[in-house]
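Colleague: If you scroll down you'll find the structure; I have some questions about it.
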Amino acid sequence: MSGSRSTEDGLIARYFAPLAGPGADGLSDDAATLTPSPGCDLVLTADAIVAGVHFFPDDPPASIARKALGVNCSDLAAKGASPRGILLTLALADDWTEAWLADFAAGLAGAIRDFGIPLLGGDTVRAAGPTSIGVTALGEVPAGTMVRRMTARIGDRICVSGTIGDAALGLLLRSGPMPAWGTALGAQGCDVLIDRYWHPQPRLALGPVLRRHARAAMDISDGLAGDLAKMLKGTAPEGGGRSAAIALADLPLSEAAARALALAPDLLTTILTGGDDYEILCAVAPEHLAACLFDANAVGVPMTVIGTVTAGAGAPVFRSADGPIALPSAGSFSHF
């Protein structure tokens with residue numbers, strides 16, 4: 001490292017100790033303490049993001065920090081959990097600078113404030129390769145109420161929060177020459193899509209709604225089609241396999257995504273399989289559906305019914321007015 005860079009202890013004291021929450025002792029110790037609220041279970045999740053895989057090395061550092069925290073809080077939201085704290089592992093590439101780290105810490109501070117989840121500890125090291133950021137997020141739910149992924153029943157209605165496909169389209173705009181549909185959207189429309197790629201919006205407000213009404217839930221990180229297939233793997237509680245029938249006409253799209261799709265219909269595959277939505281996908285019993293939709297609206301995160309869980313072992317069927325559409329066999333992003 002160059003002489004102008006701080007030591008590890010200096011980096012922690014300058015950038016991360018001010019973000020420490022109760023039990024972290026200002027990051028002066030090797031571990032923190034965390035006591036669950038009375039009658040609650042802890043919920044733990046971990047995700048890493050890596051330069052060149054999950055973000056561009058020249059993305060704004062504050063946005064990278066917000067994404068690292070947002071994708072983990074999205075997992076907590078899908079389990080119905082309230083956030084309690086995070087552990088951060090930051091592995092910095094050789095070309096890191098104090099200016100980059102200062103912007104990263106500022107973005108992290110904003111996300112910690114907005115998501116209500118303090119820093120409890122972690123580690124800062126030099127990476128042998130690209131910068132990577134690992135976050136372990138801790139949340140809590142009333143005992144026995146965590147919403148599981150694979151407990152949907154045949155006949156349940158399938159719902160998603162927010163809008164689908166924005167971030168995947170934003171990635172297309174961020175990663176290559178401006179496509180014709182992007183030019184037609186204009187700067188404002190493109191900015192909306194790129195912002196969704198840079199800044200996931202974990203739906204933490206939906207936690208209590210999911211605990212009350214959802215039979216199963218997960219967040220959409222690798223694409224709606226692939227993540228829905230994951231949610232329906234295995235055997236239904238009543239026996240037999242599960243699939244789904246999805247009505248494309250009901251898919252919630254932002255104004256920018258709907259305009260892009262109208263300009264370039266082949267973007268439908270990207271919208272369904274591209275990932276980075278970080279919306280909530282859930283299965284709701286028909287008798288709970290009206291209350292679920294009402295309560296979601298009440299907390300400011302509308303949910304949309306897009307289909308039904310069906311019997312069978314095949315992949316979910318996405319149906320347009322002209323019939324089922326074909327999707328790539330993978331159906332989602334995969335690291336391997």
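Note on naming: chains are A, B, ... as they come in the structure tokens, residues start from 1 per chain, ligands start from 1 in the order shown.
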Stretch 178-188 of chain A: which residues within 12 Å, counting only C-alpha atoms, same-chain residues fewer than 4 positions away excluded, as a ChimeraX atom specification?
Modeller: /A:169-174,192-195,255-267
Colleague: Using backbone DSSP assignments, extract all alpha helix (DSSP H) residues from stretch 20-150 of chain A; output them as an MDAnalysis selection string.
Modeller: chainID A and resid 61:78 98:115
Colleague: What does the distance from atom CA of A:Val160 to atom CA of A:Val53 come to in Å, to one decimal?
Modeller: 25.7 Å
Colleague: Please extract the residues of stretch 15-168 of chain A with a backbone DSSP assignment of strand (DSSP E) and present them as a ChimeraX atom specification.
Modeller: /A:40-50,82-92,119-126,132-142,157-161
Colleague: Please tabulate, as a tab-separated table, the residues of stretch 118-203 of chain A that come within 12 Å of stretch 303-315 of chain A, each with its closest pair of atoms and the distance in Å to one decimal, counting only C-alpha atoms and ordering rows by chain, then residue number upward.
Modeller:
```
residue	atom	partner	partner_atom	distance
A:Met150	CA	A:Val309	CA	11.9
A:Thr151	CA	A:Val309	CA	11.2
A:Ala152	CA	A:Val309	CA	7.6
A:Arg153	CA	A:Val309	CA	6.9
A:Ile154	CA	A:Val309	CA	5.0
A:Gly155	CA	A:Val309	CA	5.2
A:Asp156	CA	A:Val309	CA	5.4
A:Arg157	CA	A:Thr308	CA	4.5
A:Ile158	CA	A:Gly307	CA	5.1
A:Cys159	CA	A:Val305	CA	4.3
A:Val160	CA	A:Met303	CA	5.4
A:Ser161	CA	A:Met303	CA	4.2
A:Gly162	CA	A:Met303	CA	6.3
A:Thr163	CA	A:Thr304	CA	8.9
A:Ile164	CA	A:Thr304	CA	10.6
A:Arg203	CA	A:Met303	CA	10.9
```
Colleague: Selected residues, N, CA and C atoms, written as an mmCIF file, in the first residue's frame, please.
Modeller:
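Output (again.cif):
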```cif
data_model
loop_
_atom_site.group_PDB
_atom_site.id
_atom_site.type_symbol
_atom_site.label_atom_id
_atom_site.label_comp_id
_atom_site.auth_asym_id
_atom_site.auth_seq_id
_atom_site.Cartn_x
_atom_site.Cartn_y
_atom_site.Cartn_z
ATOM 1 N N MET A 150 -40.288 -22.728 0.540
ATOM 2 C CA MET A 150 -40.810 -23.846 -0.246
ATOM 3 C C MET A 150 -42.073 -24.452 0.359
ATOM 4 N N THR A 151 -42.966 -23.600 0.874
ATOM 5 C CA THR A 151 -44.164 -24.092 1.554
ATOM 6 C C THR A 151 -45.460 -23.681 0.854
ATOM 7 N N ALA A 152 -45.368 -23.298 -0.408
ATOM 8 C CA ALA A 152 -46.583 -22.936 -1.157
ATOM 9 C C ALA A 152 -47.458 -24.161 -1.386
ATOM 10 N N ARG A 153 -48.762 -23.934 -1.447
ATOM 11 C CA ARG A 153 -49.725 -25.005 -1.712
ATOM 12 C C ARG A 153 -50.376 -24.796 -3.081
ATOM 13 N N ILE A 154 -50.788 -25.885 -3.672
ATOM 14 C CA ILE A 154 -51.499 -25.823 -4.943
ATOM 15 C C ILE A 154 -52.772 -24.991 -4.749
ATOM 16 N N GLY A 155 -52.985 -24.055 -5.642
ATOM 17 C CA GLY A 155 -54.129 -23.147 -5.539
ATOM 18 C C GLY A 155 -53.793 -21.806 -4.946
ATOM 19 N N ASP A 156 -52.618 -21.685 -4.292
ATOM 20 C CA ASP A 156 -52.208 -20.386 -3.773
ATOM 21 C C ASP A 156 -52.034 -19.387 -4.916
ATOM 22 N N ARG A 157 -52.298 -18.138 -4.638
ATOM 23 C CA ARG A 157 -52.080 -17.081 -5.617
ATOM 24 C C ARG A 157 -50.645 -16.563 -5.492
ATOM 25 N N ILE A 158 -50.027 -16.277 -6.613
ATOM 26 C CA ILE A 158 -48.648 -15.806 -6.657
ATOM 27 C C ILE A 158 -48.655 -14.292 -6.821
ATOM 28 N N CYS A 159 -47.934 -13.617 -5.945
ATOM 29 C CA CYS A 159 -47.891 -12.158 -5.945
ATOM 30 C C CYS A 159 -46.442 -11.682 -5.992
ATOM 31 N N VAL A 160 -46.246 -10.492 -6.543
ATOM 32 C CA VAL A 160 -44.947 -9.835 -6.494
ATOM 33 C C VAL A 160 -45.143 -8.389 -6.048
ATOM 34 N N SER A 161 -44.132 -7.864 -5.387
ATOM 35 C CA SER A 161 -44.164 -6.466 -4.973
ATOM 36 C C SER A 161 -43.568 -5.590 -6.066
ATOM 37 N N GLY A 162 -43.884 -4.317 -6.009
ATOM 38 C CA GLY A 162 -43.244 -3.338 -6.870
ATOM 39 C C GLY A 162 -43.360 -3.633 -8.345
ATOM 40 N N THR A 163 -42.252 -3.443 -9.060
ATOM 41 C CA THR A 163 -42.212 -3.681 -10.507
ATOM 42 C C THR A 163 -41.050 -4.605 -10.845
ATOM 43 N N ILE A 164 -41.181 -5.302 -11.970
ATOM 44 C CA ILE A 164 -40.231 -6.334 -12.378
ATOM 45 C C ILE A 164 -39.460 -5.878 -13.622
ATOM 46 N N ARG A 203 -37.744 -4.502 0.551
ATOM 47 C CA ARG A 203 -39.135 -4.230 0.942
ATOM 48 C C ARG A 203 -39.374 -4.602 2.400
#
```
Colleague: Quote the spacing between atom CA of A:Arg148 and atom CA of A:Tyr278 in Å to one decimal place.
Modeller: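 It comes out at 16.8 Å.
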Colleague: So how many Å separate atom CA of A:Phe56 and atom CA of A:Glu279, to one decimal?
Modeller: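 Going from atom CA of A:Phe56 over to atom CA of A:Glu279, I get 21.8 Å.
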Colleague: Quick one: everything within 12 Å of A:Arg66, counting only C-alpha atoms, minus sequence neighbours fewer than 4 positions away in the same chain. Send it as an MDAnalysis selection string.
Modeller: chainID A and resid 49 55 59:62 70:74 103:115 133 135 195:202
Colleague: Given only C-alpha atoms as the basis, pick out the residue of A:Leu206, A:Leu251, A:Ile12, A:Leu101 nearest to A:Thr131.
Modeller: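 Closest residue, counting only C-alpha atoms: A:Leu101.
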Colleague: Write out as an MDAnalysis selection string each polymer residue whose atoms come within 10 Å of A:Gly274, counting only C-alpha atoms; drop sequence neighbours fewer than 5 positions from it.
Modeller: chainID A and resid 164:169 171:172 221:226 267:269 331:333
Colleague: A:Ala290, A:Val147, A:Ile280, A:Ala81: which is nearest A:Asp227, counting only C-alpha atoms?
Modeller: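 Going through A:Ala290, A:Val147, A:Ile280, A:Ala81 one by one, the smallest distance to A:Asp227 is for A:Ile280.
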Colleague: Using only C-alpha atoms, which residues of stretch 187-265 of chain A come within 12 Å of stretch 76-79 of chain A, and what is the closest atom pair for each, with the distance in Å to one decimal? Give it as JSON lines, sorted by chain and residue number.
Modeller:
```
{"residue": "A:Gln201", "atom": "CA", "partner": "A:Ala77", "partner_atom": "CA", "distance": 10.4}
{"residue": "A:Pro202", "atom": "CA", "partner": "A:Ala77", "partner_atom": "CA", "distance": 6.7}
{"residue": "A:Arg203", "atom": "CA", "partner": "A:Ala77", "partner_atom": "CA", "distance": 5.7}
{"residue": "A:Leu204", "atom": "CA", "partner": "A:Ala77", "partner_atom": "CA", "distance": 4.6}
{"residue": "A:Ala205", "atom": "CA", "partner": "A:Ala77", "partner_atom": "CA", "distance": 7.6}
{"residue": "A:Leu206", "atom": "CA", "partner": "A:Ala77", "partner_atom": "CA", "distance": 6.7}
{"residue": "A:Gly207", "atom": "CA", "partner": "A:Ala77", "partner_atom": "CA", "distance": 5.3}
{"residue": "A:Pro208", "atom": "CA", "partner": "A:Ala77", "partner_atom": "CA", "distance": 9.1}
{"residue": "A:Val209", "atom": "CA", "partner": "A:Ala77", "partner_atom": "CA", "distance": 10.1}
{"residue": "A:Leu210", "atom": "CA", "partner": "A:Ala78", "partner_atom": "CA", "distance": 7.6}
{"residue": "A:Arg211", "atom": "CA", "partner": "A:Lys79", "partner_atom": "CA", "distance": 7.9}
{"residue": "A:Arg212", "atom": "CA", "partner": "A:Lys79", "partner_atom": "CA", "distance": 11.6}
{"residue": "A:Ala214", "atom": "CA", "partner": "A:Ala78", "partner_atom": "CA", "distance": 9.9}
{"residue": "A:Arg215", "atom": "CA", "partner": "A:Lys79", "partner_atom": "CA", "distance": 10.9}
{"residue": "A:Ala216", "atom": "CA", "partner": "A:Lys79", "partner_atom": "CA", "distance": 8.8}
{"residue": "A:Ala217", "atom": "CA", "partner": "A:Ala78", "partner_atom": "CA", "distance": 5.7}
{"residue": "A:Met218", "atom": "CA", "partner": "A:Ala78", "partner_atom": "CA", "distance": 4.9}
{"residue": "A:Asp219", "atom": "CA", "partner": "A:Ala78", "partner_atom": "CA", "distance": 5.5}
{"residue": "A:Ile220", "atom": "CA", "partner": "A:Ala78", "partner_atom": "CA", "distance": 9.3}
{"residue": "A:Ser221", "atom": "CA", "partner": "A:Ala78", "partner_atom": "CA", "distance": 11.3}
```
Colleague: Could you write those residues out with C-alpha atoms, as a PDB file, in the first residue's frame?
Modeller:
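Everything below was put into part19.pdb:
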```pdb
ATOM      1  CA  GLN A 201     -35.065  -1.206  -2.548  1.00  0.00           C
ATOM      2  CA  PRO A 202     -35.451  -3.913   0.109  1.00  0.00           C
ATOM      3  CA  ARG A 203     -39.135  -4.230   0.942  1.00  0.00           C
ATOM      4  CA  LEU A 204     -38.675  -4.299   4.705  1.00  0.00           C
ATOM      5  CA  ALA A 205     -42.072  -2.689   5.275  1.00  0.00           C
ATOM      6  CA  LEU A 206     -43.682  -5.877   3.956  1.00  0.00           C
ATOM      7  CA  GLY A 207     -42.231  -8.044   6.745  1.00  0.00           C
ATOM      8  CA  PRO A 208     -45.302  -8.003   9.016  1.00  0.00           C
ATOM      9  CA  VAL A 209     -47.609  -8.371   5.997  1.00  0.00           C
ATOM     10  CA  LEU A 210     -45.794 -11.514   4.869  1.00  0.00           C
ATOM     11  CA  ARG A 211     -45.867 -13.003   8.354  1.00  0.00           C
ATOM     12  CA  ARG A 212     -49.630 -12.467   8.548  1.00  0.00           C
ATOM     13  CA  ALA A 214     -47.938 -15.304   2.985  1.00  0.00           C
ATOM     14  CA  ARG A 215     -47.640 -19.074   2.846  1.00  0.00           C
ATOM     15  CA  ALA A 216     -44.188 -18.885   1.196  1.00  0.00           C
ATOM     16  CA  ALA A 217     -41.875 -16.082   0.100  1.00  0.00           C
ATOM     17  CA  MET A 218     -38.453 -15.222  -1.275  1.00  0.00           C
ATOM     18  CA  ASP A 219     -36.837 -12.200  -2.839  1.00  0.00           C
ATOM     19  CA  ILE A 220     -36.264 -12.008  -6.598  1.00  0.00           C
ATOM     20  CA  SER A 221     -32.524 -11.730  -7.093  1.00  0.00           C
TER      21      SER A 221
END
```
